[in-house]
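What's in protein.cif: mmCIF, C-alpha atoms
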data_structure
#
loop_
_atom_site.label_atom_id
_atom_site.label_comp_id
_atom_site.auth_asym_id
_atom_site.auth_seq_id
_atom_site.Cartn_x
_atom_site.Cartn_y
_atom_site.Cartn_z
CA MET A 1 0.00 0.00 0.00
CA SER A 2 1.25 3.48 -0.81
CA ALA A 3 1.35 6.00 2.02
CA VAL A 4 -1.59 8.37 2.33
CA THR A 5 -0.60 11.98 1.80
CA GLY A 6 -2.97 14.91 1.68
CA PRO A 7 -6.74 14.42 1.44
CA HIS A 8 -8.12 10.89 1.39
CA ASP A 9 -9.72 9.29 -1.65
CA GLY A 10 -13.32 10.28 -1.00
CA THR A 11 -12.39 13.92 -0.44
CA ARG A 12 -10.21 13.95 -3.55
CA CYS A 13 -13.01 12.53 -5.70
CA VAL A 14 -15.61 15.02 -4.47
CA HIS A 15 -13.40 18.07 -5.03
CA ALA A 16 -11.30 17.03 -8.03
CA GLY A 17 -11.21 19.58 -10.81
CA LEU A 18 -13.76 21.98 -9.35
CA PRO A 19 -13.21 25.70 -9.96
CA GLU A 20 -12.71 28.12 -7.09
CA PRO A 21 -16.03 28.91 -5.39
CA VAL A 22 -17.80 32.03 -6.57
CA PRO A 23 -20.98 33.25 -4.83
CA GLY A 24 -23.99 32.53 -6.96
CA GLN A 25 -22.22 29.98 -9.14
CA PRO A 26 -22.70 26.17 -9.08
CA PHE A 27 -20.11 23.79 -7.65
CA LEU A 28 -19.60 22.24 -11.09
CA PRO A 29 -20.47 24.58 -14.00
CA GLY A 30 -22.83 23.18 -16.58
CA PRO A 31 -21.57 21.95 -19.95
CA VAL A 32 -20.41 24.55 -22.45
CA PHE A 33 -21.79 23.72 -25.90
CA ALA A 34 -19.80 25.53 -28.57
CA ALA A 35 -18.02 24.93 -31.84
CA PRO A 36 -16.75 28.48 -32.51
CA TYR A 37 -16.21 31.10 -29.81
CA HIS A 38 -16.02 34.87 -30.12
CA LEU A 39 -12.47 35.90 -31.03
CA ASP A 40 -10.66 39.10 -30.21
CA PRO A 41 -10.58 41.02 -33.52
CA TRP A 42 -6.96 42.04 -32.99
CA ALA A 43 -5.28 39.25 -30.99
CA GLY A 44 -7.33 36.36 -32.39
CA PRO A 45 -7.13 33.03 -30.51
CA ALA A 46 -4.12 34.20 -28.48
CA ALA A 47 -6.43 36.29 -26.30
CA SER A 48 -8.44 33.36 -24.88
CA PRO A 49 -8.05 29.65 -24.14
CA ASN A 50 -11.17 29.09 -26.26
CA GLY A 51 -10.92 29.50 -30.00
CA TYR A 52 -12.57 26.45 -31.53
CA GLY A 53 -14.41 23.52 -29.99
CA ARG A 54 -12.21 20.67 -31.21
CA PRO A 55 -9.06 21.66 -29.29
CA ASP A 56 -10.74 23.98 -26.77
CA ASN A 57 -13.60 23.39 -24.34
CA PRO A 58 -13.80 24.59 -20.71
CA THR A 59 -15.99 21.66 -19.61
CA ARG A 60 -13.45 19.22 -20.99
CA ARG A 61 -10.59 21.06 -19.30
CA LEU A 62 -12.29 20.80 -15.89
CA LEU A 63 -12.67 17.04 -16.38
CA GLU A 64 -9.02 16.76 -17.40
CA ALA A 65 -8.01 18.64 -14.28
CA ALA A 66 -10.08 16.24 -12.18
CA VAL A 67 -8.74 13.03 -13.71
CA GLY A 68 -5.24 14.49 -13.66
CA GLU A 69 -5.53 15.10 -9.93
CA LEU A 70 -6.55 11.49 -9.34
CA GLU A 71 -3.83 10.06 -11.62
CA THR A 72 -1.28 12.62 -10.33
CA GLY A 73 -0.34 13.79 -13.82
CA ASP A 74 -1.54 15.93 -16.69
CA CYS A 75 -4.50 14.45 -18.56
CA ARG A 76 -6.10 14.52 -21.98
CA VAL A 77 -9.53 12.95 -22.40
CA PHE A 78 -10.72 11.17 -25.54
CA ALA A 79 -14.06 10.13 -27.01
CA SER A 80 -13.61 6.50 -25.83
CA GLY A 81 -11.07 4.24 -24.22
CA GLN A 82 -10.21 2.77 -27.61
CA ALA A 83 -9.66 6.26 -29.02
CA ALA A 84 -7.30 7.00 -26.15
CA ILE A 85 -5.22 3.84 -26.47
CA THR A 86 -5.00 3.87 -30.26
CA GLY A 87 -4.22 7.58 -30.13
CA LEU A 88 -1.42 6.89 -27.66
CA LEU A 89 0.03 4.15 -29.88
CA LEU A 90 -0.14 6.19 -33.06
CA ALA A 91 1.19 9.34 -31.42
CA LEU A 92 4.29 7.61 -30.06
CA LEU A 93 5.11 4.92 -32.65
CA LYS A 94 6.49 5.25 -36.15
CA PRO A 95 7.54 2.72 -38.82
CA GLY A 96 10.54 0.77 -37.60
CA ASP A 97 9.60 1.01 -33.92
CA THR A 98 8.82 -2.02 -31.76
CA VAL A 99 5.93 -2.18 -29.31
CA LEU A 100 5.25 -4.85 -26.69
CA LEU A 101 1.58 -5.48 -25.89
CA PRO A 102 -0.22 -7.84 -23.48
CA SER A 103 -1.29 -11.07 -25.16
CA ASP A 104 -4.10 -11.45 -22.61
CA GLY A 105 -5.30 -7.84 -22.59
CA TYR A 106 -8.20 -6.07 -24.24
CA PHE A 107 -8.87 -7.86 -27.53
CA PRO A 108 -9.58 -4.78 -29.75
CA VAL A 109 -6.13 -3.41 -28.91
CA ARG A 110 -4.47 -6.60 -30.11
CA ALA A 111 -6.62 -6.51 -33.25
CA PHE A 112 -5.62 -2.88 -33.87
CA ALA A 113 -1.96 -3.79 -33.49
CA THR A 114 -2.06 -6.64 -36.00
CA GLU A 115 -4.42 -4.95 -38.47
CA THR A 116 -3.06 -1.37 -38.36
CA LEU A 117 0.31 -1.05 -36.60
CA ASP A 118 1.96 -4.06 -38.20
CA PRO A 119 1.02 -3.13 -41.81
CA MET A 120 2.37 0.40 -41.28
CA GLY A 121 5.77 -0.98 -40.30
CA VAL A 122 5.60 -1.15 -36.49
CA ARG A 123 6.97 -4.41 -35.13
CA VAL A 124 4.44 -5.87 -32.69
CA LEU A 125 5.42 -8.24 -29.89
CA PHE A 126 3.11 -9.87 -27.35
CA ALA A 127 3.72 -11.19 -23.84
CA PRO A 128 1.29 -12.44 -21.17
CA THR A 129 0.68 -10.02 -18.31
CA GLY A 130 2.07 -12.47 -15.78
CA GLY A 131 5.20 -13.04 -17.91
CA PRO A 132 7.62 -14.19 -19.06
CA TYR A 133 8.70 -11.02 -20.86
CA PRO A 134 11.19 -10.99 -23.75
CA ASP A 135 14.40 -9.00 -23.98
CA LEU A 136 13.37 -5.34 -24.19
CA ASP A 137 16.37 -4.02 -26.11
CA GLY A 138 15.14 -2.06 -29.12
CA VAL A 139 11.58 -1.77 -27.83
CA ARG A 140 10.13 1.75 -28.09
CA LEU A 141 7.00 1.24 -25.95
CA VAL A 142 5.86 -1.37 -23.44
CA LEU A 143 2.10 -1.31 -22.87
CA LEU A 144 0.93 -3.11 -19.74
CA GLU A 145 -2.62 -3.88 -18.64
CA THR A 146 -2.81 -4.68 -14.97
CA PRO A 147 -5.04 -6.20 -13.74
CA ALA A 148 -5.50 -7.62 -17.23
CA ASN A 149 -8.93 -7.72 -18.83
CA PRO A 150 -10.48 -10.26 -18.68
CA GLY A 151 -8.11 -12.75 -17.00
CA LEU A 152 -7.08 -10.43 -14.10
CA ASP A 153 -3.39 -11.30 -14.06
CA VAL A 154 -1.13 -8.64 -12.53
CA VAL A 155 2.38 -7.49 -13.41
CA ASP A 156 4.97 -5.96 -11.07
CA VAL A 157 4.99 -2.47 -12.61
CA PRO A 158 8.05 -1.05 -10.78
CA ALA A 159 10.18 -4.07 -11.67
CA LEU A 160 9.18 -4.14 -15.32
CA ALA A 161 9.37 -0.35 -15.64
CA ALA A 162 12.95 -0.48 -14.37
CA ARG A 163 13.80 -3.13 -16.99
CA ALA A 164 12.12 -1.16 -19.74
CA HIS A 165 13.78 2.12 -18.87
CA ALA A 166 17.17 0.44 -18.71
CA ALA A 167 16.56 -0.74 -22.28
CA GLY A 168 15.45 2.74 -23.40
CA ALA A 169 11.73 1.94 -23.66
CA LEU A 170 8.73 3.93 -22.52
CA VAL A 171 6.12 2.29 -20.29
CA ALA A 172 2.37 2.87 -20.48
CA VAL A 173 -0.11 1.19 -18.12
CA ASP A 174 -3.76 0.59 -18.91
CA ASN A 175 -5.39 1.46 -15.59
CA THR A 176 -9.00 0.75 -16.62
CA THR A 177 -9.68 -2.16 -14.27
CA ALA A 178 -7.95 -0.66 -11.23
CA THR A 179 -8.97 3.02 -11.66
CA PRO A 180 -6.73 5.75 -10.21
CA LEU A 181 -8.01 4.95 -6.72
CA GLY A 182 -6.94 1.33 -7.02
CA GLN A 183 -3.53 1.96 -8.54
CA ARG A 184 -1.26 4.90 -9.41
CA PRO A 185 0.93 3.77 -12.30
CA LEU A 186 2.86 7.04 -12.52
CA ASP A 187 3.97 6.57 -8.90
CA LEU A 188 5.02 3.01 -9.79
CA GLY A 189 7.38 4.11 -12.55
CA ALA A 190 5.18 4.26 -15.65
CA ASP A 191 5.64 7.10 -18.12
CA LEU A 192 2.00 7.19 -19.18
CA VAL A 193 -1.40 6.00 -18.01
CA VAL A 194 -4.19 5.16 -20.43
CA ALA A 195 -7.69 4.04 -19.52
CA SER A 196 -11.29 3.70 -20.50
CA GLY A 197 -13.36 6.07 -18.41
CA THR A 198 -16.45 4.26 -19.69
CA LYS A 199 -15.98 1.66 -16.98
CA ALA A 200 -15.69 2.13 -13.21
CA LEU A 201 -14.20 5.63 -13.38
CA THR A 202 -17.56 7.14 -14.37
CA GLY A 203 -19.50 4.03 -13.39
CA HIS A 204 -23.06 4.75 -14.57
CA SER A 205 -23.03 2.86 -17.90
CA ASP A 206 -24.20 5.95 -19.75
CA LEU A 207 -21.21 7.37 -21.61
CA LEU A 208 -18.03 6.55 -23.54
CA LEU A 209 -14.76 8.15 -22.45
CA GLY A 210 -11.01 7.55 -22.46
CA TYR A 211 -7.94 9.37 -21.24
CA VAL A 212 -4.16 9.50 -21.28
CA ALA A 213 -2.16 10.97 -18.39
CA THR A 214 1.54 11.65 -17.96
CA ARG A 215 4.02 13.82 -16.07
CA THR A 216 6.27 14.26 -19.11
CA PRO A 217 5.51 17.44 -21.11
CA GLU A 218 6.90 16.05 -24.38
CA LEU A 219 4.66 13.00 -24.18
CA LEU A 220 1.65 15.14 -23.28
CA ASP A 221 2.34 17.38 -26.27
CA ALA A 222 2.50 14.40 -28.63
CA VAL A 223 -0.81 13.03 -27.37
CA THR A 224 -2.46 16.47 -27.41
CA ASN A 225 -1.34 17.17 -30.98
CA TRP A 226 -2.61 13.77 -32.11
CA ARG A 227 -6.00 14.37 -30.53
CA THR A 228 -6.25 17.85 -32.05
CA VAL A 229 -5.55 16.75 -35.60
CA THR A 230 -7.69 13.60 -35.42
CA GLY A 231 -10.57 15.18 -33.49
CA ALA A 232 -11.13 12.25 -31.12
CA VAL A 233 -12.65 14.43 -28.41
CA PRO A 234 -15.64 13.75 -26.14
CA GLY A 235 -18.62 16.05 -26.33
CA ALA A 236 -19.23 18.66 -23.65
CA PHE A 237 -22.20 16.85 -22.14
CA ASP A 238 -20.31 13.56 -21.82
CA ALA A 239 -17.41 15.42 -20.21
CA TRP A 240 -19.79 17.05 -17.74
CA LEU A 241 -21.51 13.74 -16.95
CA ALA A 242 -18.13 12.12 -16.37
CA HIS A 243 -16.98 14.87 -14.00
CA ARG A 244 -20.25 14.72 -12.06
CA SER A 245 -19.87 10.94 -11.72
CA LEU A 246 -16.31 11.13 -10.36
CA ALA A 247 -17.57 12.47 -7.05
CA THR A 248 -18.97 9.06 -6.04
CA LEU A 249 -16.04 6.95 -7.30
CA ASP A 250 -14.71 6.18 -3.82
CA LEU A 251 -18.15 5.16 -2.56
CA ARG A 252 -18.93 3.03 -5.60
CA LEU A 253 -15.60 1.21 -5.52
CA ALA A 254 -15.92 0.42 -1.83
CA ARG A 255 -19.19 -1.46 -2.38
CA GLN A 256 -18.03 -3.08 -5.64
CA THR A 257 -14.88 -4.38 -3.96
CA ALA A 258 -16.84 -5.76 -1.01
CA ASN A 259 -19.24 -7.46 -3.39
CA ALA A 260 -16.42 -8.90 -5.49
CA GLU A 261 -14.76 -10.39 -2.42
CA ALA A 262 -17.99 -12.00 -1.25
CA VAL A 263 -18.85 -13.40 -4.69
CA ALA A 264 -15.28 -14.61 -5.28
CA ARG A 265 -15.27 -16.48 -1.98
CA LEU A 266 -18.66 -17.99 -2.78
CA LEU A 267 -17.51 -19.17 -6.21
CA ALA A 268 -14.17 -20.47 -4.93
CA GLY A 269 -16.03 -22.73 -2.51
CA ARG A 270 -18.25 -24.35 -5.12
CA PRO A 271 -17.17 -27.56 -6.87
CA ASP A 272 -19.25 -26.69 -9.94
CA VAL A 273 -17.23 -23.51 -10.63
CA THR A 274 -13.60 -23.53 -11.76
CA GLY A 275 -10.86 -21.03 -12.50
CA VAL A 276 -12.00 -18.32 -10.10
CA ARG A 277 -9.77 -15.25 -10.39
CA TRP A 278 -9.81 -12.16 -8.22
CA PRO A 279 -6.54 -10.50 -7.17
CA GLY A 280 -7.83 -9.99 -3.62
CA LEU A 281 -8.05 -13.70 -2.82
CA PRO A 282 -4.95 -14.73 -0.83
CA ASP A 283 -4.51 -17.88 -2.93
CA ASP A 284 -4.90 -16.06 -6.28
CA PRO A 285 -1.68 -16.13 -8.37
CA ALA A 286 -1.81 -12.32 -8.64
CA TYR A 287 -2.22 -11.70 -4.91
CA PRO A 288 1.48 -11.42 -3.90
CA VAL A 289 2.04 -8.53 -6.31
CA ALA A 290 -1.44 -7.01 -6.21
CA SER A 291 -1.54 -6.83 -2.41
CA VAL A 292 1.60 -4.68 -2.44
CA GLN A 293 1.14 -2.70 -5.64
CA MET A 294 -2.58 -1.94 -5.60
CA ARG A 295 -4.31 0.47 -3.23
CA ARG A 296 -7.61 -1.43 -3.47
CA MET A 297 -8.93 -4.42 -5.39
CA PRO A 298 -11.30 -4.12 -8.36
CA GLY A 299 -14.96 -5.07 -8.44
CA VAL A 300 -14.34 -7.44 -11.37
CA LEU A 301 -13.74 -11.20 -11.16
CA SER A 302 -13.70 -14.11 -13.58
CA PHE A 303 -14.58 -17.81 -13.48
CA ASP A 304 -15.55 -20.74 -15.69
CA LEU A 305 -18.94 -22.46 -15.79
CA GLY A 306 -17.82 -25.17 -18.20
CA ASP A 307 -19.75 -24.40 -21.37
CA ALA A 308 -21.74 -21.68 -23.16
CA GLY A 309 -25.10 -23.26 -22.35
CA ARG A 310 -24.51 -23.21 -18.61
CA VAL A 311 -23.47 -19.56 -18.80
CA ALA A 312 -26.71 -18.74 -20.62
CA ARG A 313 -28.77 -20.63 -18.05
CA PHE A 314 -26.97 -18.84 -15.21
CA LEU A 315 -27.66 -15.42 -16.73
CA ASP A 316 -31.26 -16.33 -17.50
CA ALA A 317 -31.85 -17.38 -13.91
CA ALA A 318 -30.13 -14.40 -12.27
CA ARG A 319 -32.26 -11.44 -11.23
CA LEU A 320 -29.48 -9.08 -10.17
CA VAL A 321 -26.85 -10.03 -12.78
CA ALA A 322 -27.49 -8.45 -16.16
CA ALA A 323 -26.16 -10.03 -19.33
CA ALA A 324 -24.06 -7.17 -20.70
CA THR A 325 -20.55 -6.36 -21.78
CA SER A 326 -18.35 -3.63 -20.26
CA PHE A 327 -17.82 -3.45 -16.49
CA GLY A 328 -17.60 -1.12 -13.52
CA GLY A 329 -21.22 0.06 -13.52
CA LEU A 330 -23.75 0.40 -10.73
CA HIS A 331 -25.54 -2.78 -11.81
CA THR A 332 -23.88 -6.18 -11.55
CA SER A 333 -23.30 -7.59 -15.03
CA ALA A 334 -21.60 -10.57 -16.63
CA ASP A 335 -20.73 -11.80 -20.07
CA ARG A 336 -19.17 -14.78 -21.77
CA ARG A 337 -15.97 -13.34 -23.18
CA ALA A 338 -15.47 -15.87 -26.02
CA GLN A 339 -18.44 -14.34 -27.85
CA TRP A 340 -16.46 -11.09 -28.22
CA GLY A 341 -13.32 -12.65 -29.67
CA ASP A 342 -11.29 -13.11 -26.48
CA ASP A 343 -9.10 -16.20 -26.46
CA THR A 344 -10.96 -17.74 -23.54
CA ALA A 345 -12.72 -21.02 -22.85
CA PRO A 346 -16.39 -21.32 -23.93
CA GLY A 347 -17.62 -21.16 -20.34
CA PHE A 348 -15.34 -18.31 -19.20
CA VAL A 349 -17.30 -15.49 -17.52
CA ARG A 350 -16.25 -11.97 -16.54
CA LEU A 351 -18.50 -10.69 -13.77
CA SER A 352 -18.57 -7.03 -12.74
CA CYS A 353 -20.03 -6.40 -9.31
CA GLY A 354 -22.33 -3.42 -8.93
CA VAL A 355 -23.41 -1.62 -5.79
CA GLU A 356 -26.30 -3.86 -4.77
CA ASP A 357 -26.40 -4.99 -1.15
CA THR A 358 -23.85 -7.76 -0.73
CA VAL A 359 -26.21 -10.23 0.91
CA ASP A 360 -28.73 -9.86 -1.92
CA LEU A 361 -26.10 -10.29 -4.64
CA VAL A 362 -24.59 -13.40 -3.03
CA ALA A 363 -28.05 -14.93 -2.65
CA ASP A 364 -28.91 -14.19 -6.29
CA VAL A 365 -25.67 -15.64 -7.66
CA THR A 366 -26.13 -18.74 -5.50
CA ALA A 367 -29.69 -19.27 -6.71
CA ALA A 368 -28.72 -18.68 -10.37
CA LEU A 369 -25.90 -21.23 -10.15
CA GLU A 370 -28.26 -23.80 -8.65
CA ALA A 371 -30.81 -23.15 -11.41
CA ALA A 372 -28.13 -23.39 -14.11
CA GLY A 373 -27.40 -27.00 -13.11
#

Turn the structure described in the file into C-alpha cells.
Amino acid sequence: MSAVTGPHDGTRCVHAGLPEPVPGQPFLPGPVFAAPYHLDPWAGPAASPNGYGRPDNPTRRLLEAAVGELETGDCRVFASGQAAITGLLLALLKPGDTVLLPSDGYFPVRAFATETLDPMGVRVLFAPTGGPYPDLDGVRLVLLETPANPGLDVVDVPALAARAHAAGALVAVDNTTATPLGQRPLDLGADLVVASGTKALTGHSDLLLGYVATRTPELLDAVTNWRTVTGAVPGAFDAWLAHRSLATLDLRLARQTANAEAVARLLAGRPDVTGVRWPGLPDDPAYPVASVQMRRMPGVLSFDLGDAGRVARFLDAARLVAAATSFGGLHTSADRRAQWGDDTAPGFVRLSCGVEDTVDLVADVTAALEAAG
C-alpha cells in the first residue's frame, strides 16, 4: 500500500477539478456547448483559451483537471477508451519502432496492433501479463494492462518499468480495471497512463470516455497534438456527466470491492465452478504482487462455468446479474468473453459487481448457479 498523503480518496473525488467557489455559481459549472467562440478582432485566438471547440472546451478542461488530480499527472480525455489507447500508440510509434503489448489484454487493442500497426511498419510483440517477458532491447514502448482484462493477471509495474527504462523503452499502463483509486501507475514508474473512463471511473453505464495521463511534457504534447488533428474528443455533455460521476467513485468502488470479495469467496467454494480469479483472494496467483502494488482491489472477477449453455442458463436465472458487456457500472453484469473474440474457454465469464447490497447479490448468484445446473 502506498502512504496516504494529503486528502483521502473520498475527499479527492468530491473536489477534483472543481473551480474556485464564486458566490452565486454552481459547484460544477454546466456543460459549455460551442463549436466556434467569439475571437478578439486584434489578438485572435491568443487572447483566450477558447478558440474552436475541437481543441478547446472549458468543460473538458475541468474534467481533465479532475482526472489528472486522481492520476497525479496531466491528462487529456478522448471520445472513448479505444480512441485513447490507439491515439497513444499512433502518437508515439512510427515505422521501424517495436511495441510490446499484453497477449491477454483487451482484444480490440491486439486486433488494432495486427491490423493497423503491423502493416504500417511497427513491429508488434506480445507477452502475457504475468510473464515471461522478452528481452526489451530495441523496444520503443511497453504497454501493460494490470489487472488484465479479462483474466485479471497482474504485473509488477516497478520491476518491469525499471527493466524497460534500462533498455530505453517507454512504459504505459492501462489502468482501466484498477482506476486511479486502485492503482497509481505514474507513482510506480510508468511514463504514461491510459484508460477507458467508460468503466468504473464514471460508473453509470451511460457514456463513452477515455484518457491519457503523464508527467512528461513532451509526451503530453504528442498526445495532445494527435487528438487535435484527429478530433477524437468527447462532447461537452459527456465530459460534464463524467466529472459529475467522479464524485462518487470512492463510494462506488468500496461497495463493488466488497461485493467482489464475497462473490469470489462464494464461487471459490463451489465444486461446480472452476478457475475463479480475483486479485484480492490470498490464494490467487496475482495476490502477492497485487496486495503490495494496488491500493484497493477491483470489483471485477472471472470464473468458468464449463460451457456456453450453462453460462446462458446462469444469466437467464439471475435477477441481479445483467447479461451485458463492459464493467464497472452500478448494476452487476456478466458476459461470456469468447463471444467477443477473447481467447478464452467457452464457459469463461467476466463478472462485474455493482453496488447492490452484498447479501442480496450473493443470494442471487447462488440461486442462479443452482438453477443453471

Please produce, as JSON lines, a per-residue contact table for segment 125-170 of chain A versus segment 344-365 of chain A (criterion: any atom at most 12 Å away, all atoms listed in the file considered), showing the nearest atom pair and its distance in Å to one decimal, sorted by chain then residue number.
{"residue": "A:Ala148", "atom": "CA", "partner": "A:Arg350", "partner_atom": "CA", "distance": 11.6}
{"residue": "A:Asn149", "atom": "CA", "partner": "A:Arg350", "partner_atom": "CA", "distance": 8.8}
{"residue": "A:Pro150", "atom": "CA", "partner": "A:Arg350", "partner_atom": "CA", "distance": 6.4}
{"residue": "A:Gly151", "atom": "CA", "partner": "A:Arg350", "partner_atom": "CA", "distance": 8.2}
{"residue": "A:Leu152", "atom": "CA", "partner": "A:Arg350", "partner_atom": "CA", "distance": 9.6}

Output the residue selection produced by the PyMOL selection byres ((chain A and resi 213-230) around 6) on the file above, formatted as an NGL selection string. :A and (55 or 73-75 or 91 or 192-193 or 212 or 231-232)

Would you write out those residues with C-alpha atoms, as an mmCIF file, keeping the file's coordinate frame?
data_model
loop_
_atom_site.group_PDB
_atom_site.id
_atom_site.type_symbol
_atom_site.label_atom_id
_atom_site.label_comp_id
_atom_site.auth_asym_id
_atom_site.auth_seq_id
_atom_site.Cartn_x
_atom_site.Cartn_y
_atom_site.Cartn_z
ATOM 1 C CA PRO A 55 -9.060 21.660 -29.290
ATOM 2 C CA GLY A 73 -0.340 13.790 -13.820
ATOM 3 C CA ASP A 74 -1.540 15.930 -16.690
ATOM 4 C CA CYS A 75 -4.500 14.450 -18.560
ATOM 5 C CA ALA A 91 1.190 9.340 -31.420
ATOM 6 C CA LEU A 192 2.000 7.190 -19.180
ATOM 7 C CA VAL A 193 -1.400 6.000 -18.010
ATOM 8 C CA VAL A 212 -4.160 9.500 -21.280
ATOM 9 C CA GLY A 231 -10.570 15.180 -33.490
ATOM 10 C CA ALA A 232 -11.130 12.250 -31.120
#

Would you be able to write out as a ChimeraX atom specification which residues have an atom within 10 Å of (-26.5, 3.0, -19.7) in the file's coordinates, counting all atoms listed in the file? /A:203-208,329-331

Would you mind exporting the chosen residues as a short mmCIF file (atom, residue, chain, number, x, y, z; two decimals), keeping the file's coordinate frame, restricted to C-alpha atoms?
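Contents of again38.cif, freshly written:
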data_model
loop_
_atom_site.label_atom_id
_atom_site.label_comp_id
_atom_site.auth_asym_id
_atom_site.auth_seq_id
_atom_site.Cartn_x
_atom_site.Cartn_y
_atom_site.Cartn_z
CA GLY A 203 -19.50 4.03 -13.39
CA HIS A 204 -23.06 4.75 -14.57
CA SER A 205 -23.03 2.86 -17.90
CA ASP A 206 -24.20 5.95 -19.75
CA LEU A 207 -21.21 7.37 -21.61
CA LEU A 208 -18.03 6.55 -23.54
CA GLY A 329 -21.22 0.06 -13.52
CA LEU A 330 -23.75 0.40 -10.73
CA HIS A 331 -25.54 -2.78 -11.81
#

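For the set A:Ala239, A:Val124, A:Leu188, A:Leu315, the residue with the smallest atom-to-atom gap to Ala334 of chain A is A:Leu315, counting only C-alpha atoms.
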
Can you turn the PyMOL selection byres ((chain A and resi 291) around 12) into a concrete residue list for this file, as a compact mmCIF listing (two decimals) with C-alpha atoms, in the coordinates of the input?
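Final output, saved to result_3.txt:
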# COMPACT_ATOMS: atom_id res chain seq x y z
CA MET A 1 0.00 0.00 0.00
CA SER A 2 1.25 3.48 -0.81
CA PRO A 147 -5.04 -6.20 -13.74
CA VAL A 154 -1.13 -8.64 -12.53
CA VAL A 155 2.38 -7.49 -13.41
CA ASP A 156 4.97 -5.96 -11.07
CA GLY A 182 -6.94 1.33 -7.02
CA GLN A 183 -3.53 1.96 -8.54
CA TRP A 278 -9.81 -12.16 -8.22
CA PRO A 279 -6.54 -10.50 -7.17
CA GLY A 280 -7.83 -9.99 -3.62
CA LEU A 281 -8.05 -13.70 -2.82
CA PRO A 282 -4.95 -14.73 -0.83
CA ASP A 283 -4.51 -17.88 -2.93
CA ASP A 284 -4.90 -16.06 -6.28
CA PRO A 285 -1.68 -16.13 -8.37
CA ALA A 286 -1.81 -12.32 -8.64
CA TYR A 287 -2.22 -11.70 -4.91
CA PRO A 288 1.48 -11.42 -3.90
CA VAL A 289 2.04 -8.53 -6.31
CA ALA A 290 -1.44 -7.01 -6.21
CA VAL A 292 1.60 -4.68 -2.44
CA GLN A 293 1.14 -2.70 -5.64
CA MET A 294 -2.58 -1.94 -5.60
CA ARG A 295 -4.31 0.47 -3.23
CA ARG A 296 -7.61 -1.43 -3.47
CA MET A 297 -8.93 -4.42 -5.39
CA PRO A 298 -11.30 -4.12 -8.36

How far is it from atom CA of Ala242 of chain A to atom CA of Leu18 of chain A, in Å with one decimal? 12.9 Å

Which of A:Pro31, A:Gly51, A:Gly121, A:Gly189 sits closest to Lys94 of chain A [using all atoms listed in the file]: A:Gly121

Expected selection from the PyMOL selection byres ((chain A and resi 36) around 10), given as a ChimeraX atom specification: /A:33-35,37-39,50-54,56

Residues from the last selection, C-alpha atoms, saved as a PDB file, in the coordinates of the input:
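See selection15.pdb below for the written result:
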ATOM      1  CA  PHE A  33     -21.790  23.720 -25.900  1.00  0.00           C
ATOM      2  CA  ALA A  34     -19.800  25.530 -28.570  1.00  0.00           C
ATOM      3  CA  ALA A  35     -18.020  24.930 -31.840  1.00  0.00           C
ATOM      4  CA  TYR A  37     -16.210  31.100 -29.810  1.00  0.00           C
ATOM      5  CA  HIS A  38     -16.020  34.870 -30.120  1.00  0.00           C
ATOM      6  CA  LEU A  39     -12.470  35.900 -31.030  1.00  0.00           C
ATOM      7  CA  ASN A  50     -11.170  29.090 -26.260  1.00  0.00           C
ATOM      8  CA  GLY A  51     -10.920  29.500 -30.000  1.00  0.00           C
ATOM      9  CA  TYR A  52     -12.570  26.450 -31.530  1.00  0.00           C
ATOM     10  CA  GLY A  53     -14.410  23.520 -29.990  1.00  0.00           C
ATOM     11  CA  ARG A  54     -12.210  20.670 -31.210  1.00  0.00           C
ATOM     12  CA  ASP A  56     -10.740  23.980 -26.770  1.00  0.00           C
TER      13      ASP A  56
END

Contacts of Gly17 of chain A within 6 Å, all atoms listed in the file, excl. fewer than 4 positions in-chain, as a list in words: Leu62, Ala65 and Ala66 of chain A

So which residues touch Thr86 of chain A within 9 Å, counting only C-alpha atoms, skipping near sequence neighbours fewer than 6 positions away, as a PyMOL selection string? chain A and resi 109+112-113

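Pairwise distance (atom CA of Arg184 of chain A, atom CA of Gln82 of chain A) equals 20.4 Å.
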
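Between Val157 of chain A and the residues A:Pro119, A:Pro185, A:Gly130, A:Pro95, the shortest atom-to-atom distance, using all atoms listed in the file, involves A:Pro185.
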
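Here the question is which of A:Val233, A:Ala262, A:Ala247, A:Ala178 gets nearest to Phe27 of chain A using only C-alpha atoms, and that residue is A:Ala247.
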
Can you complete the atoms of segment 163-171 of chain A to N, CA and C atoms and list them as a short mmCIF file (atom, residue, chain, number, x, y, z; two decimals), keeping the file's coordinate frame?
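Okay, out.cif is ready:
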data_model
loop_
_atom_site.label_atom_id
_atom_site.label_comp_id
_atom_site.auth_asym_id
_atom_site.auth_seq_id
_atom_site.Cartn_x
_atom_site.Cartn_y
_atom_site.Cartn_z
N ARG A 163 13.22 -2.40 -15.85
CA ARG A 163 13.80 -3.13 -16.99
C ARG A 163 13.62 -2.37 -18.29
N ALA A 164 12.42 -1.86 -18.50
CA ALA A 164 12.12 -1.16 -19.74
C ALA A 164 12.94 0.10 -19.87
N HIS A 165 13.02 0.87 -18.81
CA HIS A 165 13.78 2.12 -18.87
C HIS A 165 15.27 1.86 -19.08
N ALA A 166 15.76 0.79 -18.49
CA ALA A 166 17.17 0.44 -18.71
C ALA A 166 17.44 0.10 -20.17
N ALA A 167 16.42 -0.40 -20.86
CA ALA A 167 16.56 -0.74 -22.28
C ALA A 167 16.19 0.43 -23.19
N GLY A 168 15.80 1.57 -22.59
CA GLY A 168 15.45 2.74 -23.40
C GLY A 168 14.01 2.79 -23.85
N ALA A 169 13.14 1.99 -23.25
CA ALA A 169 11.73 1.94 -23.66
C ALA A 169 10.87 2.79 -22.74
N LEU A 170 9.77 3.28 -23.30
CA LEU A 170 8.73 3.93 -22.52
C LEU A 170 7.76 2.88 -21.99
N VAL A 171 7.08 3.20 -20.88
CA VAL A 171 6.12 2.29 -20.29
C VAL A 171 4.78 3.00 -20.13
#
